[in-house]
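Participant: Attaching a single structure in structure tokens format; questions to follow.
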Amino acid sequence: MITATLLVLCAYLLGSVSAAILTCRIMGLPDPRSSGSRNPGATNVLRVGTRTAAAMTLLGDFLKGAVAVLIAMAFGAQPLVLALVGVAAFAGHVFPVFFRFHGGKGVATGLGVLLAWSWPAFLLTVGTWLLIAALFRYSSLAALVSFLLAPFYLAYVGQPEAIVLAMLVITVLTYWRHRGNLQALLKGTERRIGEKH
């Protein structure tokens with residue numbers, strides 16, 4: 001129980017490290033929390049900075065989700081603990097203790113968690129994201145559709161119920177963080193991928 005608690009806590013702290021904010025500081029770019037969409041994530045870093053900065057942000061946020069779950073796996077954690085660790089890493093990104101709980105929307109971190117849980121479900125989810133993004137050029141829409149389907153993909157490939165339910169929690173949080181994007185999509189004012197602020 002102590003090990004499981006420490007794993008969940010460490011996952012949250014790891015998730016709280018914002019790749020967007022750190023990358024922008026290192027590269028001398030505007031703070032993503034006060035520029036563009038004001039979201040500390042890869043899409044906004046692309047808007048206010050460069051492709052390199054956005055790629056670094058994407059990789060950093062992705063890795064912290066995957067690494068958190070892989071560390072738990074190395075300790076022999078059972079599915080319930082792996083599920084909690086994944087949610088904790090995602091929650092850390094969305095509500096980071098190091099940045100006054102003002103975090104990103106969690107898509108890259110969620111995908112990192114998903115890859116560690118199940119690479120087949122990860123590939124299906126990424127394939128969905130790429131398809132929607134290519135057709136409509138909206139990062140938010142691609143994220144919402146792919147994360148909506150992710151729990152079903154996990155169930156389809158035979159993942160434990162705890163993992164499926166954990167992904168459902170991540171999906172709900174993703175939709176909550178994208179509520180502004182949903183309104184913008186409905187109004188036709190949502191920014192497309194690569195659009196500057």
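By order in the structure tokens, chains are A, B, ...; within a chain, residues start at 1; ligands start at 1, following the order shown.
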Mind listing the alpha helix (DSSP H) residues of region 8-185 of chain A, per DSSP on the backbone, as a PyMOL selection string?

Facilitator: chain A and resi 8-15+19-26+42-48+51-74+79-94+107-117+119-136+139-156+161-177+179-185

Participant: Taking C-alpha atoms for each residue, export the selection above as a compact mmCIF listing (two decimals), in the first residue's frame.

Facilitator:
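Dumped everything to out_2.txt:
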```txt
# COMPACT_ATOMS: atom_id res chain seq x y z
CA VAL A 8 0.69 7.63 -7.42
CA LEU A 9 2.20 10.66 -5.66
CA CYS A 10 5.35 10.56 -7.79
CA ALA A 11 3.21 10.24 -10.93
CA TYR A 12 1.30 13.39 -9.96
CA LEU A 13 4.52 15.31 -9.28
CA LEU A 14 6.03 14.15 -12.56
CA GLY A 15 2.87 15.17 -14.38
CA ALA A 19 7.17 20.98 -20.66
CA ALA A 20 5.51 23.98 -22.35
CA ILE A 21 6.48 26.49 -19.68
CA LEU A 22 10.00 25.14 -19.27
CA THR A 23 10.62 24.95 -23.03
CA CYS A 24 9.42 28.52 -23.57
CA ARG A 25 11.61 29.79 -20.73
CA ILE A 26 14.68 27.99 -22.07
CA ALA A 42 2.21 21.95 -27.59
CA THR A 43 -0.49 23.41 -29.85
CA ASN A 44 -0.25 26.83 -28.23
CA VAL A 45 3.55 26.71 -28.16
CA LEU A 46 3.38 26.18 -31.92
CA ARG A 47 1.20 29.28 -32.19
CA VAL A 48 3.41 31.57 -30.11
CA ARG A 51 7.94 24.01 -34.47
CA THR A 52 11.02 22.92 -32.55
CA ALA A 53 9.62 24.32 -29.31
CA ALA A 54 6.27 22.68 -29.97
CA ALA A 55 7.94 19.33 -30.69
CA MET A 56 9.96 19.56 -27.48
CA THR A 57 6.80 20.35 -25.54
CA LEU A 58 4.91 17.49 -27.12
CA LEU A 59 7.70 15.02 -26.39
CA GLY A 60 8.16 16.20 -22.82
CA ASP A 61 4.47 16.02 -21.96
CA PHE A 62 4.12 12.66 -23.69
CA LEU A 63 7.11 11.11 -21.92
CA LYS A 64 6.06 12.09 -18.42
CA GLY A 65 2.79 10.21 -18.87
CA ALA A 66 4.46 7.11 -20.29
CA VAL A 67 7.36 7.12 -17.83
CA ALA A 68 5.07 7.39 -14.80
CA VAL A 69 3.20 4.22 -15.79
CA LEU A 70 6.35 2.37 -16.88
CA ILE A 71 7.97 3.05 -13.50
CA ALA A 72 4.91 1.58 -11.78
CA MET A 73 5.12 -1.45 -14.08
CA ALA A 74 8.78 -1.89 -13.11
CA PRO A 79 -3.87 -2.96 -12.95
CA LEU A 80 -5.67 -0.86 -10.31
CA VAL A 81 -2.43 0.86 -9.29
CA LEU A 82 -1.41 1.31 -12.94
CA ALA A 83 -4.79 2.92 -13.56
CA LEU A 84 -4.39 5.29 -10.60
CA VAL A 85 -0.84 6.17 -11.62
CA GLY A 86 -1.98 7.05 -15.13
CA VAL A 87 -4.79 9.27 -13.86
CA ALA A 88 -2.41 10.91 -11.37
CA ALA A 89 0.14 11.76 -14.08
CA PHE A 90 -2.63 13.22 -16.23
CA ALA A 91 -4.09 15.16 -13.29
CA GLY A 92 -0.63 16.53 -12.52
CA HIS A 93 -0.42 17.98 -16.02
CA VAL A 94 -3.90 19.50 -15.83
CA VAL A 107 -3.69 15.37 -24.63
CA ALA A 108 0.01 14.52 -25.00
CA THR A 109 0.29 13.29 -21.41
CA GLY A 110 -2.86 11.22 -21.82
CA LEU A 111 -1.44 9.64 -24.97
CA GLY A 112 1.78 8.83 -23.13
CA VAL A 113 -0.20 7.11 -20.39
CA LEU A 114 -2.22 5.26 -23.01
CA LEU A 115 0.89 3.99 -24.78
CA ALA A 116 2.26 2.55 -21.53
CA TRP A 117 -1.09 0.91 -20.81
CA TRP A 119 0.25 0.10 -27.50
CA PRO A 120 -2.56 -1.31 -29.74
CA ALA A 121 -5.12 1.05 -28.15
CA PHE A 122 -2.58 3.85 -28.42
CA LEU A 123 -2.15 3.26 -32.17
CA LEU A 124 -5.91 3.22 -32.71
CA THR A 125 -6.31 6.46 -30.76
CA VAL A 126 -3.44 8.22 -32.56
CA GLY A 127 -4.81 7.01 -35.88
CA THR A 128 -8.15 8.57 -35.00
CA TRP A 129 -6.46 11.83 -33.98
CA LEU A 130 -4.48 12.01 -37.22
CA LEU A 131 -7.55 11.29 -39.33
CA ILE A 132 -9.72 13.94 -37.68
CA ALA A 133 -6.86 16.48 -37.67
CA ALA A 134 -6.17 15.88 -41.37
CA LEU A 135 -9.82 16.21 -42.32
CA PHE A 136 -10.77 19.24 -40.21
CA SER A 139 -6.39 19.94 -32.83
CA SER A 140 -9.13 20.20 -30.21
CA LEU A 141 -11.69 18.30 -32.30
CA ALA A 142 -9.14 15.57 -33.03
CA ALA A 143 -8.38 15.24 -29.33
CA LEU A 144 -12.04 15.13 -28.31
CA VAL A 145 -13.00 12.47 -30.84
CA SER A 146 -9.93 10.28 -30.26
CA PHE A 147 -10.19 10.44 -26.45
CA LEU A 148 -13.90 9.68 -26.62
CA LEU A 149 -13.06 6.45 -28.45
CA ALA A 150 -9.97 5.55 -26.39
CA PRO A 151 -11.85 3.72 -23.58
CA PHE A 152 -13.63 1.61 -26.20
CA TYR A 153 -10.31 0.82 -27.87
CA LEU A 154 -8.87 -0.30 -24.51
CA ALA A 155 -11.88 -2.53 -23.90
CA TYR A 156 -11.65 -3.89 -27.43
CA GLU A 161 -11.70 -2.85 -16.33
CA ALA A 162 -9.65 -0.58 -14.03
CA ILE A 163 -7.62 0.68 -16.99
CA VAL A 164 -10.73 1.25 -19.10
CA LEU A 165 -12.42 3.19 -16.29
CA ALA A 166 -9.24 5.22 -15.70
CA MET A 167 -9.22 6.20 -19.38
CA LEU A 168 -12.85 7.20 -19.04
CA VAL A 169 -11.88 9.53 -16.17
CA ILE A 170 -9.11 11.01 -18.35
CA THR A 171 -11.62 11.48 -21.17
CA VAL A 172 -14.06 13.32 -18.90
CA LEU A 173 -11.27 15.61 -17.66
CA THR A 174 -10.16 16.18 -21.25
CA TYR A 175 -13.65 17.29 -22.22
CA TRP A 176 -13.85 19.55 -19.17
CA ARG A 177 -10.52 21.19 -20.07
CA ARG A 179 -15.04 23.21 -22.79
CA GLY A 180 -13.88 26.54 -24.22
CA ASN A 181 -12.79 24.80 -27.41
CA LEU A 182 -16.16 23.11 -27.69
CA GLN A 183 -17.89 26.48 -27.54
CA ALA A 184 -15.47 27.91 -30.11
CA LEU A 185 -16.04 24.94 -32.43
```

Participant: Could you tell me how far CA of Thr3 (chain A) lies from CA of Gln78 (chain A), in Å and to one decimal?

Facilitator: 11.6 Å

Participant: Expressed in Å to a single decimal, how great is the separation between CA of Phe101 (chain A) and CA of Tyr138 (chain A)?

Facilitator: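 So the two atoms, CA of Phe101 (chain A) and CA of Tyr138 (chain A), lie 25.8 Å apart.
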